[in-house]
Amino acid sequence: MKEGINLPRYPTMKGRLASKKAELNSIGAAAEPGGQAQVRLLNPPEVANETVILGTGPDAAPAVVDLLEELGVM
């Protein structure tokens, strides 16, 4: 195992002094001409809800097994 793998690397004095002399390039936040345009708004097609209540309690077990066999899960 490597020692110090979870310890942060602190900046050296040489690196700190060099960072004070380094120039920063600033980029303006102006938008380019043209920008964004909305072409159209489409809503997704509605999906029919096919929820089937197979029963309640232990009476539903055979219906669930039949459904799973029909789907090829069992």
# chains A, B, ... in the order shown; residues from 1 in each chain; ligands from 1
>>> select_by_dssp(residues="chain A", states="alpha helix (DSSP H)", output="PyMOL selection string")
chain A and resi 13-21+61-71
>>> write_last_selection(atoms="N, CA and C atoms", output="PDB file, in the first residue's frame")
ATOM      1  N   MET A  13       6.296  26.565  -1.706  1.00  0.00           N
ATOM      2  CA  MET A  13       6.548  28.011  -1.683  1.00  0.00           C
ATOM      3  C   MET A  13       6.881  28.503  -3.091  1.00  0.00           C
ATOM      4  N   LYS A  14       7.636  27.705  -3.842  1.00  0.00           N
ATOM      5  CA  LYS A  14       7.995  28.083  -5.209  1.00  0.00           C
ATOM      6  C   LYS A  14       6.734  28.207  -6.071  1.00  0.00           C
ATOM      7  N   GLY A  15       5.811  27.257  -5.913  1.00  0.00           N
ATOM      8  CA  GLY A  15       4.572  27.296  -6.683  1.00  0.00           C
ATOM      9  C   GLY A  15       3.686  28.470  -6.305  1.00  0.00           C
ATOM     10  N   ARG A  16       3.654  28.816  -5.022  1.00  0.00           N
ATOM     11  CA  ARG A  16       2.850  29.957  -4.575  1.00  0.00           C
ATOM     12  C   ARG A  16       3.379  31.263  -5.164  1.00  0.00           C
ATOM     13  N   LEU A  17       4.697  31.431  -5.144  1.00  0.00           N
ATOM     14  CA  LEU A  17       5.282  32.655  -5.685  1.00  0.00           C
ATOM     15  C   LEU A  17       5.090  32.727  -7.193  1.00  0.00           C
ATOM     16  N   ALA A  18       5.196  31.599  -7.878  1.00  0.00           N
ATOM     17  CA  ALA A  18       5.014  31.583  -9.328  1.00  0.00           C
ATOM     18  C   ALA A  18       3.568  31.893  -9.696  1.00  0.00           C
ATOM     19  N   SER A  19       2.618  31.485  -8.864  1.00  0.00           N
ATOM     20  CA  SER A  19       1.214  31.728  -9.186  1.00  0.00           C
ATOM     21  C   SER A  19       0.861  33.205  -9.073  1.00  0.00           C
ATOM     22  N   LYS A  20       1.595  33.949  -8.247  1.00  0.00           N
ATOM     23  CA  LYS A  20       1.337  35.382  -8.126  1.00  0.00           C
ATOM     24  C   LYS A  20       1.769  36.124  -9.383  1.00  0.00           C
ATOM     25  N   LYS A  21       2.773  35.591 -10.087  1.00  0.00           N
ATOM     26  CA  LYS A  21       3.291  36.240 -11.286  1.00  0.00           C
ATOM     27  C   LYS A  21       2.537  35.814 -12.546  1.00  0.00           C
ATOM     28  N   ALA A  61     -51.700 -14.892  -5.730  1.00  0.00           N
ATOM     29  CA  ALA A  61     -50.476 -15.631  -6.069  1.00  0.00           C
ATOM     30  C   ALA A  61     -50.595 -16.428  -7.361  1.00  0.00           C
ATOM     31  N   PRO A  62     -51.655 -17.219  -7.576  1.00  0.00           N
ATOM     32  CA  PRO A  62     -51.741 -17.960  -8.845  1.00  0.00           C
ATOM     33  C   PRO A  62     -51.808 -17.040 -10.061  1.00  0.00           C
ATOM     34  N   ALA A  63     -52.489 -15.911  -9.928  1.00  0.00           N
ATOM     35  CA  ALA A  63     -52.584 -14.982 -11.053  1.00  0.00           C
ATOM     36  C   ALA A  63     -51.222 -14.361 -11.348  1.00  0.00           C
ATOM     37  N   VAL A  64     -50.440 -14.088 -10.317  1.00  0.00           N
ATOM     38  CA  VAL A  64     -49.102 -13.525 -10.513  1.00  0.00           C
ATOM     39  C   VAL A  64     -48.199 -14.544 -11.194  1.00  0.00           C
ATOM     40  N   VAL A  65     -48.277 -15.800 -10.775  1.00  0.00           N
ATOM     41  CA  VAL A  65     -47.468 -16.858 -11.385  1.00  0.00           C
ATOM     42  C   VAL A  65     -47.840 -17.019 -12.852  1.00  0.00           C
ATOM     43  N   ASP A  66     -49.136 -17.001 -13.163  1.00  0.00           N
ATOM     44  CA  ASP A  66     -49.577 -17.114 -14.559  1.00  0.00           C
ATOM     45  C   ASP A  66     -49.048 -15.946 -15.393  1.00  0.00           C
ATOM     46  N   LEU A  67     -49.096 -14.747 -14.832  1.00  0.00           N
ATOM     47  CA  LEU A  67     -48.620 -13.572 -15.556  1.00  0.00           C
ATOM     48  C   LEU A  67     -47.116 -13.657 -15.807  1.00  0.00           C
ATOM     49  N   LEU A  68     -46.342 -14.093 -14.806  1.00  0.00           N
ATOM     50  CA  LEU A  68     -44.897 -14.217 -14.977  1.00  0.00           C
ATOM     51  C   LEU A  68     -44.540 -15.298 -15.990  1.00  0.00           C
ATOM     52  N   GLU A  69     -45.291 -16.389 -16.015  1.00  0.00           N
ATOM     53  CA  GLU A  69     -45.055 -17.431 -17.025  1.00  0.00           C
ATOM     54  C   GLU A  69     -45.399 -16.918 -18.413  1.00  0.00           C
ATOM     55  N   GLU A  70     -46.444 -16.111 -18.508  1.00  0.00           N
ATOM     56  CA  GLU A  70     -46.852 -15.547 -19.790  1.00  0.00           C
ATOM     57  C   GLU A  70     -45.781 -14.590 -20.328  1.00  0.00           C
ATOM     58  N   LEU A  71     -45.132 -13.864 -19.421  1.00  0.00           N
ATOM     59  CA  LEU A  71     -44.076 -12.937 -19.823  1.00  0.00           C
ATOM     60  C   LEU A  71     -42.746 -13.639 -20.080  1.00  0.00           C
TER      61      LEU A  71
END
>>> decode(residues="stretch 6-54 of chain A", atoms="N, CA and C atoms", output="tab-separated table (two decimals), in the first residue's frame")
chain	number	residue	atom	x	y	z
A	6	ASN	N	-4.19	9.36	0.85
A	6	ASN	CA	-5.35	10.18	1.17
A	6	ASN	C	-4.97	11.55	1.72
A	7	LEU	N	-3.70	11.90	1.66
A	7	LEU	CA	-3.27	13.19	2.16
A	7	LEU	C	-3.23	14.19	1.00
A	8	PRO	N	-3.69	15.42	1.25
A	8	PRO	CA	-3.69	16.42	0.17
A	8	PRO	C	-2.27	16.87	-0.15
A	9	ARG	N	-2.07	17.29	-1.39
A	9	ARG	CA	-0.77	17.82	-1.80
A	9	ARG	C	-0.80	19.33	-1.61
A	10	TYR	N	-0.07	19.82	-0.65
A	10	TYR	CA	-0.04	21.25	-0.36
A	10	TYR	C	0.88	21.94	-1.35
A	11	PRO	N	0.56	23.18	-1.74
A	11	PRO	CA	1.42	23.89	-2.69
A	11	PRO	C	2.75	24.26	-2.05
A	12	THR	N	3.80	24.20	-2.85
A	12	THR	CA	5.13	24.56	-2.36
A	12	THR	C	5.29	26.08	-2.39
A	13	MET	N	6.30	26.56	-1.71
A	13	MET	CA	6.55	28.01	-1.68
A	13	MET	C	6.88	28.50	-3.09
A	14	LYS	N	7.64	27.70	-3.84
A	14	LYS	CA	8.00	28.08	-5.21
A	14	LYS	C	6.73	28.21	-6.07
A	15	GLY	N	5.81	27.26	-5.91
A	15	GLY	CA	4.57	27.30	-6.68
A	15	GLY	C	3.69	28.47	-6.30
A	16	ARG	N	3.65	28.82	-5.02
A	16	ARG	CA	2.85	29.96	-4.58
A	16	ARG	C	3.38	31.26	-5.16
A	17	LEU	N	4.70	31.43	-5.14
A	17	LEU	CA	5.28	32.66	-5.68
A	17	LEU	C	5.09	32.73	-7.19
A	18	ALA	N	5.20	31.60	-7.88
A	18	ALA	CA	5.01	31.58	-9.33
A	18	ALA	C	3.57	31.89	-9.70
A	19	SER	N	2.62	31.48	-8.86
A	19	SER	CA	1.21	31.73	-9.19
A	19	SER	C	0.86	33.21	-9.07
A	20	LYS	N	1.60	33.95	-8.25
A	20	LYS	CA	1.34	35.38	-8.13
A	20	LYS	C	1.77	36.12	-9.38
A	21	LYS	N	2.77	35.59	-10.09
A	21	LYS	CA	3.29	36.24	-11.29
A	21	LYS	C	2.54	35.81	-12.55
A	22	ALA	N	1.81	34.73	-12.49
A	22	ALA	CA	1.14	34.21	-13.67
A	22	ALA	C	-0.01	35.12	-14.08
A	23	GLU	N	-0.22	35.25	-15.39
A	23	GLU	CA	-1.31	36.07	-15.91
A	23	GLU	C	-2.55	35.21	-16.07
A	24	LEU	N	-3.69	35.82	-15.82
A	24	LEU	CA	-4.96	35.12	-15.99
A	24	LEU	C	-5.64	35.65	-17.24
A	25	ASN	N	-6.11	34.75	-18.07
A	25	ASN	CA	-6.86	35.14	-19.25
A	25	ASN	C	-8.33	35.25	-18.86
A	26	SER	N	-8.91	36.42	-19.05
A	26	SER	CA	-10.32	36.57	-18.72
A	26	SER	C	-11.14	36.50	-20.00
A	27	ILE	N	-12.25	35.83	-19.91
A	27	ILE	CA	-13.14	35.67	-21.04
A	27	ILE	C	-14.44	36.38	-20.71
A	28	GLY	N	-14.89	37.22	-21.60
A	28	GLY	CA	-16.13	37.97	-21.38
A	28	GLY	C	-17.35	37.06	-21.45
A	29	ALA	N	-18.41	37.49	-20.82
A	29	ALA	CA	-19.63	36.69	-20.78
A	29	ALA	C	-20.65	37.14	-21.81
A	30	ALA	N	-20.21	37.86	-22.82
A	30	ALA	CA	-21.13	38.36	-23.84
A	30	ALA	C	-21.62	37.21	-24.71
A	31	ALA	N	-22.90	37.26	-25.04
A	31	ALA	CA	-23.48	36.22	-25.89
A	31	ALA	C	-23.10	36.48	-27.34
A	32	GLU	N	-22.92	35.42	-28.08
A	32	GLU	CA	-22.60	35.57	-29.49
A	32	GLU	C	-23.88	35.93	-30.25
A	33	PRO	N	-23.74	36.63	-31.36
A	33	PRO	CA	-24.94	36.98	-32.13
A	33	PRO	C	-25.63	35.72	-32.64
A	34	GLY	N	-26.90	35.77	-32.67
A	34	GLY	CA	-27.67	34.61	-33.11
A	34	GLY	C	-28.32	33.94	-31.93
A	35	GLY	N	-27.53	33.56	-30.96
A	35	GLY	CA	-28.05	32.97	-29.74
A	35	GLY	C	-28.86	31.71	-29.98
A	36	GLN	N	-29.77	31.49	-29.09
A	36	GLN	CA	-30.60	30.30	-29.18
A	36	GLN	C	-31.99	30.68	-29.68
A	37	ALA	N	-32.61	29.76	-30.38
A	37	ALA	CA	-33.96	29.98	-30.88
A	37	ALA	C	-34.77	28.71	-30.67
A	38	GLN	N	-35.99	28.89	-30.20
A	38	GLN	CA	-36.86	27.73	-30.01
A	38	GLN	C	-37.51	27.40	-31.34
A	39	VAL	N	-37.34	26.17	-31.79
A	39	VAL	CA	-37.88	25.77	-33.07
A	39	VAL	C	-39.32	25.29	-32.90
A	40	ARG	N	-39.53	24.36	-31.97
A	40	ARG	CA	-40.89	23.87	-31.71
A	40	ARG	C	-40.90	23.19	-30.35
A	41	LEU	N	-42.08	23.03	-29.83
A	41	LEU	CA	-42.26	22.39	-28.54
A	41	LEU	C	-43.11	21.15	-28.75
A	42	LEU	N	-42.55	20.00	-28.46
A	42	LEU	CA	-43.27	18.74	-28.63
A	42	LEU	C	-43.46	18.08	-27.27
A	43	ASN	N	-44.67	17.68	-27.00
A	43	ASN	CA	-44.95	16.91	-25.80
A	43	ASN	C	-44.84	15.43	-26.15
A	44	PRO	N	-44.30	14.62	-25.26
A	44	PRO	CA	-44.21	13.19	-25.56
A	44	PRO	C	-45.60	12.57	-25.62
A	45	PRO	N	-45.76	11.55	-26.45
A	45	PRO	CA	-47.08	10.91	-26.54
A	45	PRO	C	-47.45	10.26	-25.22
A	46	GLU	N	-48.73	10.34	-24.91
A	46	GLU	CA	-49.19	9.76	-23.66
A	46	GLU	C	-49.23	8.24	-23.79
A	47	VAL	N	-48.78	7.58	-22.74
A	47	VAL	CA	-48.75	6.13	-22.71
A	47	VAL	C	-49.92	5.67	-21.85
A	48	ALA	N	-50.68	4.74	-22.38
A	48	ALA	CA	-51.82	4.23	-21.62
A	48	ALA	C	-51.33	3.43	-20.42
A	49	ASN	N	-51.94	3.66	-19.30
A	49	ASN	CA	-51.58	2.96	-18.08
A	49	ASN	C	-52.31	1.62	-18.06
A	50	GLU	N	-51.56	0.54	-18.10
A	50	GLU	CA	-52.16	-0.79	-18.16
A	50	GLU	C	-51.98	-1.53	-16.84
A	51	THR	N	-52.34	-0.90	-15.75
A	51	THR	CA	-52.23	-1.53	-14.45
A	51	THR	C	-53.42	-2.45	-14.23
A	52	VAL	N	-53.13	-3.69	-13.91
A	52	VAL	CA	-54.18	-4.68	-13.67
A	52	VAL	C	-54.04	-5.18	-12.24
A	53	ILE	N	-55.11	-5.11	-11.48
A	53	ILE	CA	-55.10	-5.63	-10.12
A	53	ILE	C	-55.46	-7.11	-10.21
A	54	LEU	N	-54.52	-7.96	-9.81
A	54	LEU	CA	-54.70	-9.40	-9.97
A	54	LEU	C	-55.45	-10.02	-8.80
